[in-house]
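To keep things clear, I will list the structure first and then write my remarks on it.
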There are 2 protein chains.
Amino acid sequence: MPKRVDHDERRRHIAEAVLRIAGRDGLNGARLRDVAVEAGMSLGSVQHYFASKDEMLRYVVHYLGAHITERIVAGMCAPDVASASPVRSFLLSMASEMLPLDDRRRAERRAGQAFTALAVGVPELTEDLGDGDRRLHERVAELIDQGQRDGELRAGLNPRLESVVLLAMIEGLGSDLLLSVRDPEEALAAVRYHLDRLTPG
Amino acid sequence: MPKRVDHDERRRHIAEAVLRIAGRDGLNGARLRDVAVEAGMSLGSVQHYFASKDEMLRYVVHYLGAHITERIVAGMCAPDVASASPVRSFLLSMASEMLPLDDRRRAERRAGQAFTALAVGVPELTEDLGDGDRRLHERVAELIDQGQRDGELRAGLNPRLESVVLLAMIEGLGSDLLLSVRDPEEALAAVRYHLDRLTPG
DNA sequence: ACGGTTGCCATACCGCTGTATTATAATACA
DNA sequence: TGTATTATAATACAGCGGTATGGCAACCGT
């Protein structure tokens with residue numbers, strides 16, 4: 001047993017375990033003992049890194065807020081310069097990455113919603129989650145603005161509001177998919193339909 | 001103590017109490033004892049009407065799915081025939097009713113999200129919640145179609161997809177508002193902006 | 001009117017789960 | 001080398017909360 005261990009690395013390891021559980025069974029199924037098993041360690045070890053369950057959950061929220069945007073950005077392909085409209089393809093790939101279209105993203109989204117529910121009404125936590133959203137929002141608005149200058153998107157769009165609308169729509173479609181109210185085909189069709197109206201012609 | 005009591009009325013009464021608690025403190029704060037207090041009865045009485053907590057929660061999901069659409073429709077004003085574009089005003093009022101713009105709707109939405117999270121992955125429950133959504137969706141699509149025929153909305157819109165997009169956007173904005181990622185002004189501005197593009201001129 | 005039924009309640013029970021305690025092995029440091 | 005420190009684990013503890021039990025009062029049908 002090494003005396004010196006990277007505490008934050010262990011915390012992230014545990015956080016990932018929590019997210020896996022939350023993605024699978026929701027947050028109700030995330031008892032401290034289950035987290036320990038999922039992380040491959042003992043209950044005592046988990047306690048060693050988090051003084052209380054509440055502190056652990058707060059850490060996971062923070063972790064989620066800090067990494068969720070990076071994960072989305074990393075998951076989507078770079079702007080396809082070969083495409084006739086790079087911006088459109090980029091936004092479409094972003095949507096595909098954000099929507100729970102397969103089991104992996106379904107689990108991620110479920111975990112995300114569980115922690116979102118946890119953060120409601122707690123300013124410290126909502127701030128953490130809001131940060132990632134704000135970064136993404138800025139990036140999309142900037143992209144739309146650029147696409148407009150390049151003539152890829154139709155003129156007269158309000159980049160800021162378009163970004164709000166697009167991200168809100170993706171979020172809403174995500175909820176629908178999780179509830180099986182909508183199926184993946186339908187959700188993607190809606191995204192494409194919406195993106196089409198942003199492009200000229 | 002009357003021997004004959006309307007069982008379903010009592011169940012609905014309890015369900016409302018659960019929804020109030022869930023809207024205030026989330027579902028974690030909905031212990032059976034708290035539900036009893038909120039409903040103004042004893043723990044034993046609650047047990048009398050629901051064999052288990054699980055059965056109670058399932059009933060509330062069912063109750064929610066059955067009544068949520070009615071609540072929304074009832075809350076929004078009738079199509080303003082005096083308006084230059086009744087359909088637009090109707091959709092705007094629908095959005096205003098669905099978005100958590102005040103404390104009441106904030107609580108309702110929070111409760112809704114809590115139970116939505118509960119229903120994920122449970123076909124029986126998701127079906128209940130999906131029903132309301134489907135009804136609303138049909139109604140909106142029909143309205144858009146009609147608005148198009150009347151010339152209130154621009155030609156070439158796909159009513160079905162427009163409905164999916166609009167409702168998803170409202171849902172997404174709702175989540176944003178609950179998280180305080182977006183403020184009411186911004187959300188309404190986004191809705192108006194989107195509706196504007198559906199109208200000609 | 002009276003036994004049975006039903007609504008209602010208080011309370012006891014008990015398993016689950018977060019937390020505290022203690023033990024042990026291993027390493028850093030002096 | 002010896003000691004303090006730390007990572008890890010096993011176990012004990014305690015309270016919370018869902019469930020079960022028994023009793024009481026009121027109303028029904030006969």
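Ordering of the structure tokens sets the chain letters (A, B, ...); residue numbers start at 1 within each chain; ligands are numbered from 1 in the order shown.
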task: Give as a PyMOL selection string every residue of chain C that touches chain A within 7 Å, counting only C-alpha atoms (C1' of nucleotides).
output: chain C and resi 26-28
At most 6 Å to chain B: residues in chain A, only C-alpha atoms, as a ChimeraX atom specification: /A:120,126,130,161,168-169,171-173,179,181,190
message: Distance limit 10 Å, atoms considered: only C-alpha atoms (C1' of nucleotides). Which chain D residues sit that close to chain B? Return them as a ChimeraX atom specification.
response: /D:17-19,25-28
Residue neighbourhood segment 63-74 of chain A, 12 Å, only C-alpha atoms (C1' of nucleotides), exclusion window fewer than 5 positions, as an mmCIF file with C-alpha atoms, in the first residue's frame:
data_model
loop_
_atom_site.group_PDB
_atom_site.id
_atom_site.type_symbol
_atom_site.label_atom_id
_atom_site.label_comp_id
_atom_site.auth_asym_id
_atom_site.auth_seq_id
_atom_site.Cartn_x
_atom_site.Cartn_y
_atom_site.Cartn_z
ATOM 1 C CA ASP A 8 -8.264 13.295 -6.948
ATOM 2 C CA GLU A 9 -7.659 10.369 -9.259
ATOM 3 C CA ARG A 11 -12.220 10.524 -6.381
ATOM 4 C CA ARG A 12 -12.731 10.604 -10.131
ATOM 5 C CA HIS A 13 -12.607 6.806 -10.193
ATOM 6 C CA ILE A 14 -15.363 6.673 -7.601
ATOM 7 C CA ALA A 15 -17.330 9.372 -9.408
ATOM 8 C CA GLU A 16 -17.265 7.281 -12.573
ATOM 9 C CA VAL A 18 -21.407 6.437 -9.270
ATOM 10 C CA LEU A 19 -22.250 7.635 -12.767
ATOM 11 C CA MET A 56 -19.527 12.410 -2.664
ATOM 12 C CA LEU A 57 -22.664 13.295 -4.586
ATOM 13 C CA ARG A 58 -21.720 16.946 -4.628
ATOM 14 C CA PRO A 79 -16.157 20.064 -38.632
ATOM 15 C CA PHE A 90 -20.983 19.949 -37.153
ATOM 16 C CA LEU A 91 -24.236 20.863 -35.450
ATOM 17 C CA SER A 93 -22.900 15.605 -35.173
ATOM 18 C CA MET A 94 -23.167 17.556 -31.934
ATOM 19 C CA ALA A 95 -26.835 16.687 -31.687
ATOM 20 C CA SER A 96 -26.097 13.045 -32.417
ATOM 21 C CA GLU A 97 -23.551 13.048 -29.645
ATOM 22 C CA MET A 98 -25.886 14.670 -27.140
ATOM 23 C CA LEU A 99 -28.954 12.582 -27.868
ATOM 24 C CA PRO A 100 -29.334 9.232 -26.093
ATOM 25 C CA ARG A 105 -25.454 7.737 -24.169
ATOM 26 C CA GLU A 108 -25.021 8.969 -19.531
ATOM 27 C CA ARG A 109 -28.153 10.980 -19.995
ATOM 28 C CA ALA A 111 -27.234 9.785 -14.890
ATOM 29 C CA GLY A 112 -27.181 13.392 -15.988
ATOM 30 C CA GLN A 113 -30.888 13.803 -15.347
ATOM 31 C CA ALA A 114 -30.636 12.140 -11.982
ATOM 32 C CA PHE A 115 -27.970 14.558 -10.856
ATOM 33 C CA THR A 116 -29.781 17.458 -12.444
ATOM 34 C CA ALA A 119 -29.047 19.964 -8.117
ATOM 35 C CA GLU A 124 -23.809 25.853 -5.721
ATOM 36 C CA LEU A 125 -24.644 22.750 -7.726
ATOM 37 C CA THR A 126 -26.743 24.346 -10.435
ATOM 38 C CA GLU A 127 -23.850 26.697 -11.056
ATOM 39 C CA ASP A 128 -21.526 23.767 -11.705
ATOM 40 C CA LEU A 129 -23.931 22.197 -14.165
ATOM 41 C CA GLY A 130 -24.762 25.524 -15.751
ATOM 42 C CA ASP A 131 -21.127 26.255 -16.529
ATOM 43 C CA GLY A 132 -20.821 23.429 -19.022
ATOM 44 C CA ASP A 133 -24.074 24.445 -20.649
ATOM 45 C CA ARG A 134 -22.934 28.027 -20.938
ATOM 46 C CA ARG A 135 -19.673 27.039 -22.590
ATOM 47 C CA LEU A 136 -21.496 24.877 -25.091
ATOM 48 C CA HIS A 137 -24.007 27.621 -25.725
ATOM 49 C CA GLU A 138 -21.302 30.153 -26.448
ATOM 50 C CA ARG A 139 -19.604 27.807 -28.807
ATOM 51 C CA VAL A 140 -22.778 27.056 -30.762
#
What would chain A look like once superposed on chain B, with the fit done by least squares over all C-alpha atoms paired in order? Give it as a PDB file with C-alpha atoms, in the first residue's frame.
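selection25.pdb, written as the output of this step:
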ATOM      1  CA  MET A   1     -66.667   7.614  10.176  1.00  0.00           C
ATOM      2  CA  PRO A   2     -68.734   6.825   7.166  1.00  0.00           C
ATOM      3  CA  LYS A   3     -68.524   3.271   6.057  1.00  0.00           C
ATOM      4  CA  ARG A   4     -68.578   4.187   2.414  1.00  0.00           C
ATOM      5  CA  VAL A   5     -65.851   6.513   1.146  1.00  0.00           C
ATOM      6  CA  ASP A   6     -64.902   7.287  -2.425  1.00  0.00           C
ATOM      7  CA  HIS A   7     -61.651   5.422  -2.591  1.00  0.00           C
ATOM      8  CA  ASP A   8     -60.447   7.029  -5.770  1.00  0.00           C
ATOM      9  CA  GLU A   9     -61.136  10.488  -4.420  1.00  0.00           C
ATOM     10  CA  ARG A  10     -58.946   9.702  -1.411  1.00  0.00           C
ATOM     11  CA  ARG A  11     -56.254   8.319  -3.674  1.00  0.00           C
ATOM     12  CA  ARG A  12     -56.262  11.478  -5.759  1.00  0.00           C
ATOM     13  CA  HIS A  13     -56.105  13.540  -2.569  1.00  0.00           C
ATOM     14  CA  ILE A  14     -53.022  11.630  -1.486  1.00  0.00           C
ATOM     15  CA  ALA A  15     -51.527  11.867  -4.968  1.00  0.00           C
ATOM     16  CA  GLU A  16     -51.861  15.645  -4.839  1.00  0.00           C
ATOM     17  CA  ALA A  17     -50.085  15.672  -1.503  1.00  0.00           C
ATOM     18  CA  VAL A  18     -47.259  13.616  -2.973  1.00  0.00           C
ATOM     19  CA  LEU A  19     -46.989  15.993  -5.914  1.00  0.00           C
ATOM     20  CA  ARG A  20     -46.829  18.994  -3.612  1.00  0.00           C
ATOM     21  CA  ILE A  21     -44.013  17.426  -1.648  1.00  0.00           C
ATOM     22  CA  ALA A  22     -42.161  16.332  -4.767  1.00  0.00           C
ATOM     23  CA  GLY A  23     -42.511  19.837  -6.161  1.00  0.00           C
ATOM     24  CA  ARG A  24     -41.108  21.324  -2.995  1.00  0.00           C
ATOM     25  CA  ASP A  25     -38.374  18.941  -1.879  1.00  0.00           C
ATOM     26  CA  GLY A  26     -38.110  16.351  -4.619  1.00  0.00           C
ATOM     27  CA  LEU A  27     -39.050  12.727  -4.338  1.00  0.00           C
ATOM     28  CA  ASN A  28     -36.389  11.974  -1.755  1.00  0.00           C
ATOM     29  CA  GLY A  29     -38.287  14.088   0.725  1.00  0.00           C
ATOM     30  CA  ALA A  30     -41.455  12.132   0.166  1.00  0.00           C
ATOM     31  CA  ARG A  31     -41.442   9.702   3.061  1.00  0.00           C
ATOM     32  CA  LEU A  32     -44.703   7.967   3.754  1.00  0.00           C
ATOM     33  CA  ARG A  33     -45.102   9.841   7.036  1.00  0.00           C
ATOM     34  CA  ASP A  34     -44.579  13.195   5.348  1.00  0.00           C
ATOM     35  CA  VAL A  35     -47.171  12.314   2.756  1.00  0.00           C
ATOM     36  CA  ALA A  36     -49.632  11.529   5.536  1.00  0.00           C
ATOM     37  CA  VAL A  37     -49.009  14.891   7.215  1.00  0.00           C
ATOM     38  CA  GLU A  38     -49.252  16.753   3.905  1.00  0.00           C
ATOM     39  CA  ALA A  39     -52.527  14.995   3.141  1.00  0.00           C
ATOM     40  CA  GLY A  40     -53.828  15.733   6.629  1.00  0.00           C
ATOM     41  CA  MET A  41     -54.247  12.132   7.679  1.00  0.00           C
ATOM     42  CA  SER A  42     -52.448   9.430   9.558  1.00  0.00           C
ATOM     43  CA  LEU A  43     -49.840   7.033   8.264  1.00  0.00           C
ATOM     44  CA  GLY A  44     -52.314   4.218   8.782  1.00  0.00           C
ATOM     45  CA  SER A  45     -54.853   5.891   6.546  1.00  0.00           C
ATOM     46  CA  VAL A  46     -52.383   6.237   3.733  1.00  0.00           C
ATOM     47  CA  GLN A  47     -51.607   2.576   4.118  1.00  0.00           C
ATOM     48  CA  HIS A  48     -55.306   1.868   3.968  1.00  0.00           C
ATOM     49  CA  TYR A  49     -55.502   3.253   0.445  1.00  0.00           C
ATOM     50  CA  PHE A  50     -52.151   2.062  -0.845  1.00  0.00           C
ATOM     51  CA  ALA A  51     -50.812  -1.360   0.019  1.00  0.00           C
ATOM     52  CA  SER A  52     -47.249  -0.180  -0.452  1.00  0.00           C
ATOM     53  CA  LYS A  53     -45.265   2.935  -1.209  1.00  0.00           C
ATOM     54  CA  ASP A  54     -44.410   1.577  -4.600  1.00  0.00           C
ATOM     55  CA  GLU A  55     -48.069   1.173  -5.471  1.00  0.00           C
ATOM     56  CA  MET A  56     -48.675   4.726  -4.326  1.00  0.00           C
ATOM     57  CA  LEU A  57     -45.903   6.112  -6.497  1.00  0.00           C
ATOM     58  CA  ARG A  58     -47.116   4.137  -9.471  1.00  0.00           C
ATOM     59  CA  TYR A  59     -50.571   5.553  -8.928  1.00  0.00           C
ATOM     60  CA  VAL A  60     -49.161   9.077  -8.860  1.00  0.00           C
ATOM     61  CA  VAL A  61     -47.364   8.480 -12.147  1.00  0.00           C
ATOM     62  CA  HIS A  62     -50.609   7.267 -13.653  1.00  0.00           C
ATOM     63  CA  TYR A  63     -52.463  10.197 -12.181  1.00  0.00           C
ATOM     64  CA  LEU A  64     -49.881  12.600 -13.539  1.00  0.00           C
ATOM     65  CA  GLY A  65     -49.974  11.137 -17.017  1.00  0.00           C
ATOM     66  CA  ALA A  66     -53.746  11.268 -17.097  1.00  0.00           C
ATOM     67  CA  HIS A  67     -54.122  14.819 -15.811  1.00  0.00           C
ATOM     68  CA  ILE A  68     -51.072  16.713 -16.963  1.00  0.00           C
ATOM     69  CA  THR A  69     -52.354  17.451 -20.436  1.00  0.00           C
ATOM     70  CA  GLU A  70     -55.754  18.521 -19.144  1.00  0.00           C
ATOM     71  CA  ARG A  71     -54.037  20.836 -16.712  1.00  0.00           C
ATOM     72  CA  ILE A  72     -51.989  22.480 -19.432  1.00  0.00           C
ATOM     73  CA  VAL A  73     -54.912  22.843 -21.786  1.00  0.00           C
ATOM     74  CA  ALA A  74     -57.123  24.199 -19.025  1.00  0.00           C
ATOM     75  CA  GLY A  75     -54.471  26.668 -17.969  1.00  0.00           C
ATOM     76  CA  MET A  76     -53.986  28.301 -21.308  1.00  0.00           C
ATOM     77  CA  CYS A  77     -56.485  30.761 -22.644  1.00  0.00           C
ATOM     78  CA  ALA A  78     -58.695  29.841 -25.533  1.00  0.00           C
ATOM     79  CA  PRO A  79     -57.444  30.757 -29.008  1.00  0.00           C
ATOM     80  CA  ASP A  80     -57.609  34.509 -29.155  1.00  0.00           C
ATOM     81  CA  VAL A  81     -59.823  35.079 -32.144  1.00  0.00           C
ATOM     82  CA  ALA A  82     -59.332  38.814 -31.783  1.00  0.00           C
ATOM     83  CA  SER A  83     -55.645  38.363 -32.421  1.00  0.00           C
ATOM     84  CA  ALA A  84     -54.247  38.772 -35.889  1.00  0.00           C
ATOM     85  CA  SER A  85     -52.869  35.239 -35.616  1.00  0.00           C
ATOM     86  CA  PRO A  86     -54.904  33.077 -33.248  1.00  0.00           C
ATOM     87  CA  VAL A  87     -52.733  30.036 -33.767  1.00  0.00           C
ATOM     88  CA  ARG A  88     -49.556  31.859 -32.840  1.00  0.00           C
ATOM     89  CA  SER A  89     -51.113  33.334 -29.709  1.00  0.00           C
ATOM     90  CA  PHE A  90     -52.469  29.931 -28.797  1.00  0.00           C
ATOM     91  CA  LEU A  91     -49.093  28.251 -29.125  1.00  0.00           C
ATOM     92  CA  LEU A  92     -47.478  31.056 -27.159  1.00  0.00           C
ATOM     93  CA  SER A  93     -49.978  30.712 -24.363  1.00  0.00           C
ATOM     94  CA  MET A  94     -49.424  26.962 -24.363  1.00  0.00           C
ATOM     95  CA  ALA A  95     -45.701  27.490 -24.001  1.00  0.00           C
ATOM     96  CA  SER A  96     -46.254  29.986 -21.206  1.00  0.00           C
ATOM     97  CA  GLU A  97     -48.395  27.455 -19.424  1.00  0.00           C
ATOM     98  CA  MET A  98     -45.872  24.654 -19.808  1.00  0.00           C
ATOM     99  CA  LEU A  99     -42.781  26.607 -18.841  1.00  0.00           C
ATOM    100  CA  PRO A 100     -41.912  26.918 -15.144  1.00  0.00           C
ATOM    101  CA  LEU A 101     -42.213  30.683 -15.096  1.00  0.00           C
ATOM    102  CA  ASP A 102     -43.580  31.041 -11.573  1.00  0.00           C
ATOM    103  CA  ASP A 103     -43.352  29.102  -8.349  1.00  0.00           C
ATOM    104  CA  ARG A 104     -46.469  27.080  -8.979  1.00  0.00           C
ATOM    105  CA  ARG A 105     -45.372  25.799 -12.357  1.00  0.00           C
ATOM    106  CA  ARG A 106     -41.825  25.421 -11.092  1.00  0.00           C
ATOM    107  CA  ALA A 107     -43.079  23.032  -8.445  1.00  0.00           C
ATOM    108  CA  GLU A 108     -45.267  21.198 -10.929  1.00  0.00           C
ATOM    109  CA  ARG A 109     -42.388  20.755 -13.292  1.00  0.00           C
ATOM    110  CA  ARG A 110     -40.028  19.630 -10.587  1.00  0.00           C
ATOM    111  CA  ALA A 111     -42.515  17.013  -9.507  1.00  0.00           C
ATOM    112  CA  GLY A 112     -42.989  16.020 -13.114  1.00  0.00           C
ATOM    113  CA  GLN A 113     -39.270  15.538 -13.630  1.00  0.00           C
ATOM    114  CA  ALA A 114     -38.939  13.563 -10.445  1.00  0.00           C
ATOM    115  CA  PHE A 115     -41.604  11.129 -11.539  1.00  0.00           C
ATOM    116  CA  THR A 116     -40.249  11.063 -15.056  1.00  0.00           C
ATOM    117  CA  ALA A 117     -36.932   9.930 -13.654  1.00  0.00           C
ATOM    118  CA  LEU A 118     -38.811   7.274 -11.725  1.00  0.00           C
ATOM    119  CA  ALA A 119     -40.578   6.025 -14.823  1.00  0.00           C
ATOM    120  CA  VAL A 120     -37.489   5.678 -17.021  1.00  0.00           C
ATOM    121  CA  GLY A 121     -37.061   2.099 -18.052  1.00  0.00           C
ATOM    122  CA  VAL A 122     -40.419   0.957 -16.703  1.00  0.00           C
ATOM    123  CA  PRO A 123     -42.626   0.453 -19.779  1.00  0.00           C
ATOM    124  CA  GLU A 124     -45.874   0.482 -17.837  1.00  0.00           C
ATOM    125  CA  LEU A 125     -45.085   3.885 -16.373  1.00  0.00           C
ATOM    126  CA  THR A 126     -43.499   5.480 -19.412  1.00  0.00           C
ATOM    127  CA  GLU A 127     -46.618   4.538 -21.326  1.00  0.00           C
ATOM    128  CA  ASP A 128     -48.781   6.469 -18.875  1.00  0.00           C
ATOM    129  CA  LEU A 129     -46.618   9.559 -19.155  1.00  0.00           C
ATOM    130  CA  GLY A 130     -46.264   9.192 -22.898  1.00  0.00           C
ATOM    131  CA  ASP A 131     -50.016   9.188 -23.426  1.00  0.00           C
ATOM    132  CA  GLY A 132     -50.440  12.770 -22.295  1.00  0.00           C
ATOM    133  CA  ASP A 133     -47.524  13.846 -24.439  1.00  0.00           C
ATOM    134  CA  ARG A 134     -48.960  12.102 -27.457  1.00  0.00           C
ATOM    135  CA  ARG A 135     -52.330  13.777 -27.038  1.00  0.00           C
ATOM    136  CA  LEU A 136     -50.704  17.172 -26.760  1.00  0.00           C
ATOM    137  CA  HIS A 137     -48.517  16.436 -29.745  1.00  0.00           C
ATOM    138  CA  GLU A 138     -51.478  15.499 -31.890  1.00  0.00           C
ATOM    139  CA  ARG A 139     -53.297  18.609 -30.905  1.00  0.00           C
ATOM    140  CA  VAL A 140     -50.369  20.895 -31.718  1.00  0.00           C
ATOM    141  CA  ALA A 141     -49.748  19.200 -35.063  1.00  0.00           C
ATOM    142  CA  GLU A 142     -53.404  19.591 -35.942  1.00  0.00           C
ATOM    143  CA  LEU A 143     -53.323  23.226 -34.931  1.00  0.00           C
ATOM    144  CA  ILE A 144     -50.279  23.932 -37.047  1.00  0.00           C
ATOM    145  CA  ASP A 145     -51.864  22.174 -39.978  1.00  0.00           C
ATOM    146  CA  GLN A 146     -54.985  24.258 -39.592  1.00  0.00           C
ATOM    147  CA  GLY A 147     -53.010  27.472 -39.193  1.00  0.00           C
ATOM    148  CA  GLN A 148     -51.226  26.676 -42.380  1.00  0.00           C
ATOM    149  CA  ARG A 149     -54.466  26.107 -44.286  1.00  0.00           C
ATOM    150  CA  ASP A 150     -55.776  29.402 -42.968  1.00  0.00           C
ATOM    151  CA  GLY A 151     -52.664  31.186 -44.101  1.00  0.00           C
ATOM    152  CA  GLU A 152     -51.662  32.184 -40.591  1.00  0.00           C
ATOM    153  CA  LEU A 153     -48.514  30.125 -40.757  1.00  0.00           C
ATOM    154  CA  ARG A 154     -46.105  30.057 -43.640  1.00  0.00           C
ATOM    155  CA  ALA A 155     -46.494  27.368 -46.232  1.00  0.00           C
ATOM    156  CA  GLY A 156     -44.196  24.391 -46.504  1.00  0.00           C
ATOM    157  CA  LEU A 157     -44.114  23.517 -42.825  1.00  0.00           C
ATOM    158  CA  ASN A 158     -44.288  19.902 -41.764  1.00  0.00           C
ATOM    159  CA  PRO A 159     -46.904  20.000 -38.983  1.00  0.00           C
ATOM    160  CA  ARG A 160     -45.774  16.752 -37.432  1.00  0.00           C
ATOM    161  CA  LEU A 161     -42.095  17.678 -37.266  1.00  0.00           C
ATOM    162  CA  GLU A 162     -42.859  21.264 -36.294  1.00  0.00           C
ATOM    163  CA  SER A 163     -44.842  19.923 -33.392  1.00  0.00           C
ATOM    164  CA  VAL A 164     -42.001  17.651 -32.323  1.00  0.00           C
ATOM    165  CA  VAL A 165     -39.539  20.516 -32.533  1.00  0.00           C
ATOM    166  CA  LEU A 166     -41.737  23.000 -30.705  1.00  0.00           C
ATOM    167  CA  LEU A 167     -42.659  20.695 -27.838  1.00  0.00           C
ATOM    168  CA  ALA A 168     -39.089  19.468 -27.473  1.00  0.00           C
ATOM    169  CA  MET A 169     -37.872  23.047 -27.360  1.00  0.00           C
ATOM    170  CA  ILE A 170     -40.389  23.964 -24.678  1.00  0.00           C
ATOM    171  CA  GLU A 171     -39.397  20.922 -22.685  1.00  0.00           C
ATOM    172  CA  GLY A 172     -35.737  21.777 -22.987  1.00  0.00           C
ATOM    173  CA  LEU A 173     -36.319  25.379 -22.009  1.00  0.00           C
ATOM    174  CA  GLY A 174     -38.267  24.088 -19.025  1.00  0.00           C
ATOM    175  CA  SER A 175     -35.290  22.082 -17.854  1.00  0.00           C
ATOM    176  CA  ASP A 176     -33.043  25.090 -18.346  1.00  0.00           C
ATOM    177  CA  LEU A 177     -35.361  27.273 -16.305  1.00  0.00           C
ATOM    178  CA  LEU A 178     -35.521  24.734 -13.513  1.00  0.00           C
ATOM    179  CA  LEU A 179     -31.739  24.686 -13.404  1.00  0.00           C
ATOM    180  CA  SER A 180     -31.612  28.480 -13.596  1.00  0.00           C
ATOM    181  CA  VAL A 181     -29.391  28.118 -16.608  1.00  0.00           C
ATOM    182  CA  ARG A 182     -31.849  30.335 -18.435  1.00  0.00           C
ATOM    183  CA  ASP A 183     -34.104  33.047 -17.062  1.00  0.00           C
ATOM    184  CA  PRO A 184     -37.809  33.434 -17.910  1.00  0.00           C
ATOM    185  CA  GLU A 185     -37.238  36.418 -20.196  1.00  0.00           C
ATOM    186  CA  GLU A 186     -34.720  34.517 -22.250  1.00  0.00           C
ATOM    187  CA  ALA A 187     -36.914  31.441 -22.500  1.00  0.00           C
ATOM    188  CA  LEU A 188     -39.945  33.419 -23.637  1.00  0.00           C
ATOM    189  CA  ALA A 189     -37.819  35.368 -26.088  1.00  0.00           C
ATOM    190  CA  ALA A 190     -36.644  32.107 -27.597  1.00  0.00           C
ATOM    191  CA  VAL A 191     -40.221  30.845 -27.928  1.00  0.00           C
ATOM    192  CA  ARG A 192     -41.393  34.068 -29.564  1.00  0.00           C
ATOM    193  CA  TYR A 193     -38.390  34.053 -31.854  1.00  0.00           C
ATOM    194  CA  HIS A 194     -39.154  30.536 -32.937  1.00  0.00           C
ATOM    195  CA  LEU A 195     -42.870  31.194 -33.418  1.00  0.00           C
ATOM    196  CA  ASP A 196     -42.025  34.266 -35.491  1.00  0.00           C
ATOM    197  CA  ARG A 197     -40.275  32.169 -38.055  1.00  0.00           C
ATOM    198  CA  LEU A 198     -43.365  30.010 -38.456  1.00  0.00           C
ATOM    199  CA  THR A 199     -45.455  33.007 -39.405  1.00  0.00           C
ATOM    200  CA  PRO A 200     -45.228  34.596 -42.840  1.00  0.00           C
ATOM    201  CA  GLY A 201     -43.758  38.032 -43.316  1.00  0.00           C
TER     202      GLY A 201
END
